[in-house]
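Take a look at the structure below.
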4 protein chains.
Amino acid sequence: MKALVYQGPGKMALEDRPKPEIKAPTDAIVKIIMTTICGTDLHILKGDVPSCAPGRILGHEGVGVVDQVGSAVTSFRPGDHVIVSCISSCGKCDYCRKGMYSHCVSGGWILGNTIDGTQAEYVRTPFADTSLYHVPADANEDALVMLSDILPTGFECGVLNGKVQPGSTVAIVGAGPIGLAALLTAQFYSPAEIVMIDLDDNRLEIALRFGATTIINNKDGKAVEKILKMTAGRGVDTAIEAVGVPASFITCEEIVAPGGVIANIGVHGVKADLHLEKLWDRNIAITTRLVDTATTPMLLKTVQSRKVDPRRLITHRFKLGKILDAYETFGHAAQTNALKVLIEA
Amino acid sequence: MKALVYQGPGKMALEDRPKPEIKAPTDAIVKIIMTTICGTDLHILKGDVPSCAPGRILGHEGVGVVDQVGSAVTSFRPGDHVIVSCISSCGKCDYCRKGMYSHCVSGGWILGNTIDGTQAEYVRTPFADTSLYHVPADANEDALVMLSDILPTGFECGVLNGKVQPGSTVAIVGAGPIGLAALLTAQFYSPAEIVMIDLDDNRLEIALRFGATTIINNKDGKAVEKILKMTAGRGVDTAIEAVGVPASFITCEEIVAPGGVIANIGVHGVKADLHLEKLWDRNIAITTRLVDTATTPMLLKTVQSRKVDPRRLITHRFKLGKILDAYETFGHAAQTNALKVLIEA
Amino acid sequence: MKALVYQGPGKMALEDRPKPEIKAPTDAIVKIIMTTICGTDLHILKGDVPSCAPGRILGHEGVGVVDQVGSAVTSFRPGDHVIVSCISSCGKCDYCRKGMYSHCVSGGWILGNTIDGTQAEYVRTPFADTSLYHVPADANEDALVMLSDILPTGFECGVLNGKVQPGSTVAIVGAGPIGLAALLTAQFYSPAEIVMIDLDDNRLEIALRFGATTIINNKDGKAVEKILKMTAGRGVDTAIEAVGVPASFITCEEIVAPGGVIANIGVHGVKADLHLEKLWDRNIAITTRLVDTATTPMLLKTVQSRKVDPRRLITHRFKLGKILDAYETFGHAAQTNALKVLIEA
Amino acid sequence: MKALVYQGPGKMALEDRPKPEIKAPTDAIVKIIMTTICGTDLHILKGDVPSCAPGRILGHEGVGVVDQVGSAVTSFRPGDHVIVSCISSCGKCDYCRKGMYSHCVSGGWILGNTIDGTQAEYVRTPFADTSLYHVPADANEDALVMLSDILPTGFECGVLNGKVQPGSTVAIVGAGPIGLAALLTAQFYSPAEIVMIDLDDNRLEIALRFGATTIINNKDGKAVEKILKMTAGRGVDTAIEAVGVPASFITCEEIVAPGGVIANIGVHGVKADLHLEKLWDRNIAITTRLVDTATTPMLLKTVQSRKVDPRRLITHRFKLGKILDAYETFGHAAQTNALKVLIEA
């Protein structure tokens with residue numbers, strides 16, 4: 001089968017690989033219908049993710065059809081259309097029992113990382129009963145690819161952790177795909193204001209169309225000042241960090257109101273300064289989270305009932321044979337205006 | 001009347017001052033029975049608290065007798081014995097209505113800071129109805145002095161924010177009075193383990209008597225290693241910072257388990273490194289808080305029902321005339337083994 | 001001044017009464033701009049509310065202008081436009097400090113009940129600082145009359161207590177004004193389904209326009225059957241009782257899913273059967289609540305940011321001089337299709 | 001093997017039965033070390049549980065040694081000592097994923113009900129990985145038999161649902177084994193008062209030894225009056241129903257304070273009157289729950305750290321060969337003062 005293989009920092013290729021086989025009774029083999037590329041895939045390519053060794057098939061998102069199931073799989077049968085979650089959950093360990101699947105002792109984020117992933121014609125998915133989700137009969141599968149990772153990530157790490165509430169004021173630092181996923185799902189809770197901060201006017205324009213009430217291009221470094229002015233000096237109830245660099249985290253520190261939350265989504269490579277000398281008495285919370293995908297069933301209901309349309313995140317479409325073009329497009333988002341690129345297997 | 005007056009960095013004196021008078025209809029004048037000294041008072045003396053100007057009567061803790069009340073005070077009458085809360089709450093502003101009295105727009109921590117405090121024979125307490133608490137008929141007033149500040153601070157900032165739970169594992173970094181207050185009140189929730197970390201063997205011995213299940217003297221810098229070993233590499237559910245320096249905060253970062261909380265109590269003068277490159281995917285929360293004293297009624301019930309005996313924190317007693325000696329004793333705790341010093345007016 | 005006075009069961013009249021005066025330093029006198037009629041006013045007229053004695057000026061809702069304030073009022077000045085909350089909150093008692101203003105020991109629902117109310121040219125409002133809310137400069141005052149009672153009642157008692165969540169399934173039994181207020185505010189949380197049940201086709205049509213996803217006329221007694229069919233036998237996550245009779249409460253018992261909530265809003269005059277033999281193992285919660293109006297600031301933000309338009313509840317308008325006609329219209333809603341009637345003073 | 005078999009209403013016998021065998025790859029066969037009898041077993045014997053057919057081996061509690069495991073079981077091996085949970089949880093269905101194991105679509109309370117149970121030498125336990133718990137090396141196994149059902153039931157249905165808090169006031173109606181389990185575990189949260197109500201002086205004496213602060217024998221029907229007097233007319237924050245009859249539920253309705261919770265544990269056979277005409281405006285919650293046993297890991301930690309000693313519930317010991325005597329003793333608790341009877345297999 002065709003598969004996109006990581007070959008070490010800076011290198012990848014579409015290779016021909018054997019179709020995966022059931023290894024454990026809880027496995028399933030899924031024939032991929034559609035997959036997509038995540039910012040994390042680019043991190044791997046840069047060599048930033050040491051757990052991912054050369055030779056690995058990339059990808060941790062996708063919708064497909066069950067091809068085979070192991071002997072202990074009871075919830076899925078060949079022919080079932082499924083969402084493949086980016087997080088594999090054994091369903092048994094203490095973390096899984098608490099809904100913290102991201103820290104599953106034998107799963108977690110392993111697809112396209114420590115085991116072969118979804119950017120291929122087939123993928124072996126461990127713990128199928130607790131890591132796949134049925135596609136409803138009348139669903140749009142394009143939309144559901146966004147439920148593998150980006151929508152639950154924006155929602156769980158940004159919106160839920162950030163305690164977005166009716167009437168509250170939210171700022172999202174970073175209008176890339178993940179910041180926009182937070183923007184879309186923040187609206188589930190009817191906040192009064194959602195301020196979007198970025199350096200890219202195109203992305204900010206998209207944010208406005210997606211429901212931001214205010215957009216701020218921080219090229220002039222005045223985002224903090226503007227937000228404090230907007231909020232009469234008080235700051236925002238929820239500040240969502242959706243970039244992953246110290247500067248954007250510090251922006252969050254400077255705009256969070258007393259009693260507010262800084263919800264970090266960004267993947268950070270270095271430490272940030274935590275200004276405890278200013279924050280110790282501000283009654284704030286800072287949260288971090290690797291997505292658990294525990295809200296996938298809830299999000300599926302919001303998609304099916306048209307409370308959110310995640311297809312709005314999809315800007316480009318490719319065939320699997322052209323996945324290198326898809327990476328090229330996704331990797332140069334500033335030029336291509338790419339958000340999520342769909343890849344049809 | 002006699003009053004302990006801050007005279008600028010490094011200087012204070014017991015002065016003769018006029019008895020305070022009602023200025024607003026919501027004020028009360030309270031004759032102090034007992035007061036105490038807080039670590040924050042030492043910060044003021046070092047010149048670290050610019051909001052506190054020379055000439056200020058210090059002190060924000062105490063039990064007393066109501067002497068006079070303003071025309072709008074309805075809950076207290078002259079002769080009532082009261083706890084003076086360290087936080088003045090107007091009861092009207094948005095923050096007060098949400099229980100976040102620490103950020104009251106016209107109150108907050110003002111006693112012994114921006115207005116004259118309790119280390120005197122009398123004190124004027126603003127917003128009396130919502131900042132004083134009745135002393136029950138059969139109460140021990142020594143114990144209740146600890147309800148002005150230290151017990152709610154340990155409880156709210158450390159234990160409640162830290163989400164201490166039955167069977168959970170707690171580490172408290174810092175076995176000074178505030179860390180010990182957290183230790184005492186953490187036991188309300190029956191955690192399985194409370195590990196106390198400090199550099200002072202005497203304080204650790206006290207911690208053991210107060211209910212710590214493990215004590216660690218971190219002189220050898222091996223506290224993190226020991227805690228990870230104790231917890232099979234997982235870390236603690238709740239890490240409480242009760243010192244206020246970067247090193248102890250970073251210890252908390254290193255010992256918090258996935259899904260855990262770092263609850264900061266310490267007053268920090270400088271920033272700390274936040275190792276987001278390690279923490280971004282750990283699903284943790286970091287909380288900061290200036291005590292709201294919103295739990296004072298709850299804590300009063302726990303004291304009255306003997307679930308906690310805050311008198312255990314009291315190590316020394318002085319008369320108001322000897323308050324300089326009290327400061328001397330409290331300021332040299334390493335030598336005197338002082339925790340809280342009671343001062344009888 | 002003109003005032004609508006309760007004269008005993010079945011009797012009321014528009015009388016000429018002296019303008020109210022400040023009695024306590026925390027009082028304000030508010031000149032009413034607009035008021036409205038509540039179902040509770042009809043209960044009083046039927047003689048169902050013994051605490052309300054003949055001679056009482058009715059009404060507990062309204063928007064007005066502050067005319068005078070007592071000496072202890074600090075947040076309002078003559079000329080300020082204000083929302084009069086149906087609940088008076090002293091801001092000091094234990095209940096008020098916990099946000100449970102409905103049970104304020106000296107306030108609660110007293111306006112138009114144990115003290116004179118708002119269906120008059122002027123009203124004395126006790127505890128003004130904690131019972132009035134500023135009308136924002138650019139606000140539509142018609143909309144804000146709905147914030148005195150009906151919107152917080154639907155929201156707090158129905159939606160918040162009912163734990164409405166994104167993607168969840170909600171049923172509201174009763175499509176009168178209060179059920180419709182719950183319907184409007186339930187949408188803050190983006191549930192997947194909101195089923196509205198009533199016996200009046202007109203009201204159900206309105207519900208559909210207001211956002212219900214399914215309407216059921218239960219004249220045939222098949223609402224339970226239909227809802228169980230819709231939900232594959234599981235039932236609804238949230239069942240909101242908005243009528244106040246045993247039959248509608250029992251409908252809620254029959255349609256609540258395991259793990260769900262029955263949130264009662266209705267004012268009940270008699271007991272209902274609680275089928276514990278069916279419910280003891282269903283892991284449900286049943287909640288009751290007299291509105292606290294603690295969410296008024298939050299709701300004001302949702303109105304100002306256009307997340308909800310409470311003017312949709314207003315069907316008729318009258319002058320104060322014609323308030324008897326307004327009662328006639330409101331009291332015969334089945335014929336007049338009245339929801340909320342605005343009365344301009 | 002020996003097994004206690006239900007033979008229809010009023011009849012049971014110790015029979016010789018074949019040793020159970022693995023039927024599904026997720027099964028385990030557990031050799032029982034100790035089991036016990038539950039009030040529910042008596043209900044079955046009375047014919048009150050139609051799902052339990054004659055021929056069924058009774059029992060849903062126990063500690064044992066794993067004898068065999070199915071091919072998909074990964075967490076347990078032959079020889080492992082285990083707690084058998086009364087609730088079987090598949091770990092996969094929506095309810096299990098939400099921690100509501102009681103409503104597991106293929107499990108729930110099935111042991112000793114719809115499949116053979118633990119009052120035998122061996123038992124087949126479905127979904128072993130998610131329904132058995134490892135006995136720690138140094139544990140007392142007598143104590144852990146109480147973790148199969150009674151301790152999590154008292155804790156989850158009574159204490160957690162009842163939101164017991166430091167300083168709060170709790171009343172428990174019913175001082176049988178389940179009420180006493182609630183009493184023991186309520187103390188995890190340091191309430192100020194725990195009032196125990198029963199008709200049996202012996203049980204009330206035990207309650208006093210177990211930590212009740214007040215005991216009330218309600219033979220004179222004055223329990224409500226006494227509790228209202230104790231609480232200055234306010235009532236209790238948490239009222240726990242631990243009997244399962246209308247009268248005790250109604251007692252809870254009469255003693256719950258505004259803002260309080262009635263947490264039902266009792267198994268009810270008939271409806272009760274819900275006095276909504278008194279409760280609609282009291283801001284209370286009523287909860288029901290079949291135990292989920294989701295807190296078993298937490299409770300195990302509390303037992304291991306000596307925060308609770310569940311052995312206090314054990315009053316009698318029998319050999320399996322004498323299990324009919326054990327039933328006799330347990331079934332005549334008023335005469336025998338039995339709480340929990342241990343049966344060694």
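In the structure tokens, chains take the letters A, B, ... in the order shown, each chain's residues start at 1, and ligands count up from 1 in the order shown.
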
Using DSSP on the backbone coordinates, identify all residues within range 65-139 of chain B classified as alpha helix (DSSP H); present the result as an MDAnalysis selection string. chainID B and resid 94:97 128:131

Write the residues of the selection above to a file with N, CA and C atoms, as an mmCIF file, in the first residue's frame.
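And here's result.cif as it stands now:
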```cif
data_model
loop_
_atom_site.group_PDB
_atom_site.id
_atom_site.type_symbol
_atom_site.label_atom_id
_atom_site.label_comp_id
_atom_site.auth_asym_id
_atom_site.auth_seq_id
_atom_site.Cartn_x
_atom_site.Cartn_y
_atom_site.Cartn_z
ATOM 1 N N ASP B 94 -18.699 43.602 41.835
ATOM 2 C CA ASP B 94 -18.770 42.340 41.097
ATOM 3 C C ASP B 94 -17.892 41.258 41.717
ATOM 4 N N TYR B 95 -16.705 41.644 42.128
ATOM 5 C CA TYR B 95 -15.810 40.650 42.719
ATOM 6 C C TYR B 95 -16.393 40.105 44.026
ATOM 7 N N CYS B 96 -16.884 40.993 44.876
ATOM 8 C CA CYS B 96 -17.462 40.521 46.145
ATOM 9 C C CYS B 96 -18.669 39.622 45.889
ATOM 10 N N ARG B 97 -19.475 39.980 44.895
ATOM 11 C CA ARG B 97 -20.672 39.183 44.600
ATOM 12 C C ARG B 97 -20.302 37.790 44.112
ATOM 13 N N ALA B 128 -17.949 46.779 57.828
ATOM 14 C CA ALA B 128 -17.969 45.887 58.983
ATOM 15 C C ALA B 128 -18.887 44.687 58.778
ATOM 16 N N ASP B 129 -20.067 44.927 58.211
ATOM 17 C CA ASP B 129 -21.033 43.830 58.083
ATOM 18 C C ASP B 129 -20.489 42.671 57.260
ATOM 19 N N THR B 130 -19.598 42.969 56.337
ATOM 20 C CA THR B 130 -19.114 41.928 55.437
ATOM 21 C C THR B 130 -17.625 41.645 55.609
ATOM 22 N N SER B 131 -17.042 42.173 56.694
ATOM 23 C CA SER B 131 -15.610 41.946 56.916
ATOM 24 C C SER B 131 -15.288 41.506 58.342
#
```

Please report as a list in words which residues of chain D come no farther than 7 Å from chain B, using only C-alpha atoms.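 Matching residues, ligands excluded from the count: Pro166, Gly167, Phe188, Tyr189, Ser190, Ala192, Met298, Leu299, Lys301, Thr302, Ser305 and Lys307 of chain D.
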
Please list as JSON, numbers by chain every residue within 12 Å of Arg317 in chain C, counting only C-alpha atoms and excluding residues in the same chain fewer than 3 positions away. {"C": [34, 35, 36, 37, 142, 311, 313, 314, 320, 321, 322, 323, 325, 326, 327, 329, 330, 338, 339, 340, 341, 342, 343, 344, 345]}

Counting only C-alpha atoms, closest pick from C:Lys11, C:Lys23, C:His81, C:Arg124 relative to Lys46 in chain C is C:Lys11

Taking 6 positions as the minimum chain separation for residues in the same chain, which residues sit within 7 Å of Thr118 in chain A when counting only C-alpha atoms? Answer as a list in words. Ile32, Thr35, Leu58, Gly59, His60, Glu61, Gly62 and Gly112 of chain A

Filtering to N, CA, C and O atoms, could you give me those residues as a compact mmCIF listing (two decimals), in the first residue's frame?
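After the write, again-v4.txt holds the following:
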```txt
# COMPACT_ATOMS: atom_id res chain seq x y z
N ILE A 32 -8.22 3.70 5.11
CA ILE A 32 -8.39 5.15 5.23
C ILE A 32 -9.18 5.70 4.05
O ILE A 32 -8.88 5.39 2.88
N THR A 35 -7.55 11.50 5.26
CA THR A 35 -6.70 11.87 6.39
C THR A 35 -6.36 13.34 6.22
O THR A 35 -6.87 14.02 5.32
N LEU A 58 3.57 8.43 8.94
CA LEU A 58 3.04 9.57 9.71
C LEU A 58 1.50 9.58 9.71
O LEU A 58 0.86 8.82 9.00
N GLY A 59 0.93 10.52 10.51
CA GLY A 59 -0.51 10.76 10.48
C GLY A 59 -1.25 10.18 11.67
O GLY A 59 -1.04 9.03 12.06
N HIS A 60 -2.08 11.01 12.28
CA HIS A 60 -2.85 10.53 13.44
C HIS A 60 -4.31 10.99 13.35
O HIS A 60 -5.00 11.03 14.35
N GLU A 61 -4.73 11.32 12.14
CA GLU A 61 -6.10 11.78 11.93
C GLU A 61 -6.69 10.99 10.77
O GLU A 61 -5.96 10.59 9.88
N GLY A 62 -8.00 10.85 10.75
CA GLY A 62 -8.58 10.20 9.59
C GLY A 62 -9.96 9.62 9.82
O GLY A 62 -10.41 9.41 10.96
N GLY A 112 1.26 7.38 14.26
CA GLY A 112 2.13 8.29 13.51
C GLY A 112 3.21 8.87 14.38
O GLY A 112 3.79 9.90 14.07
```
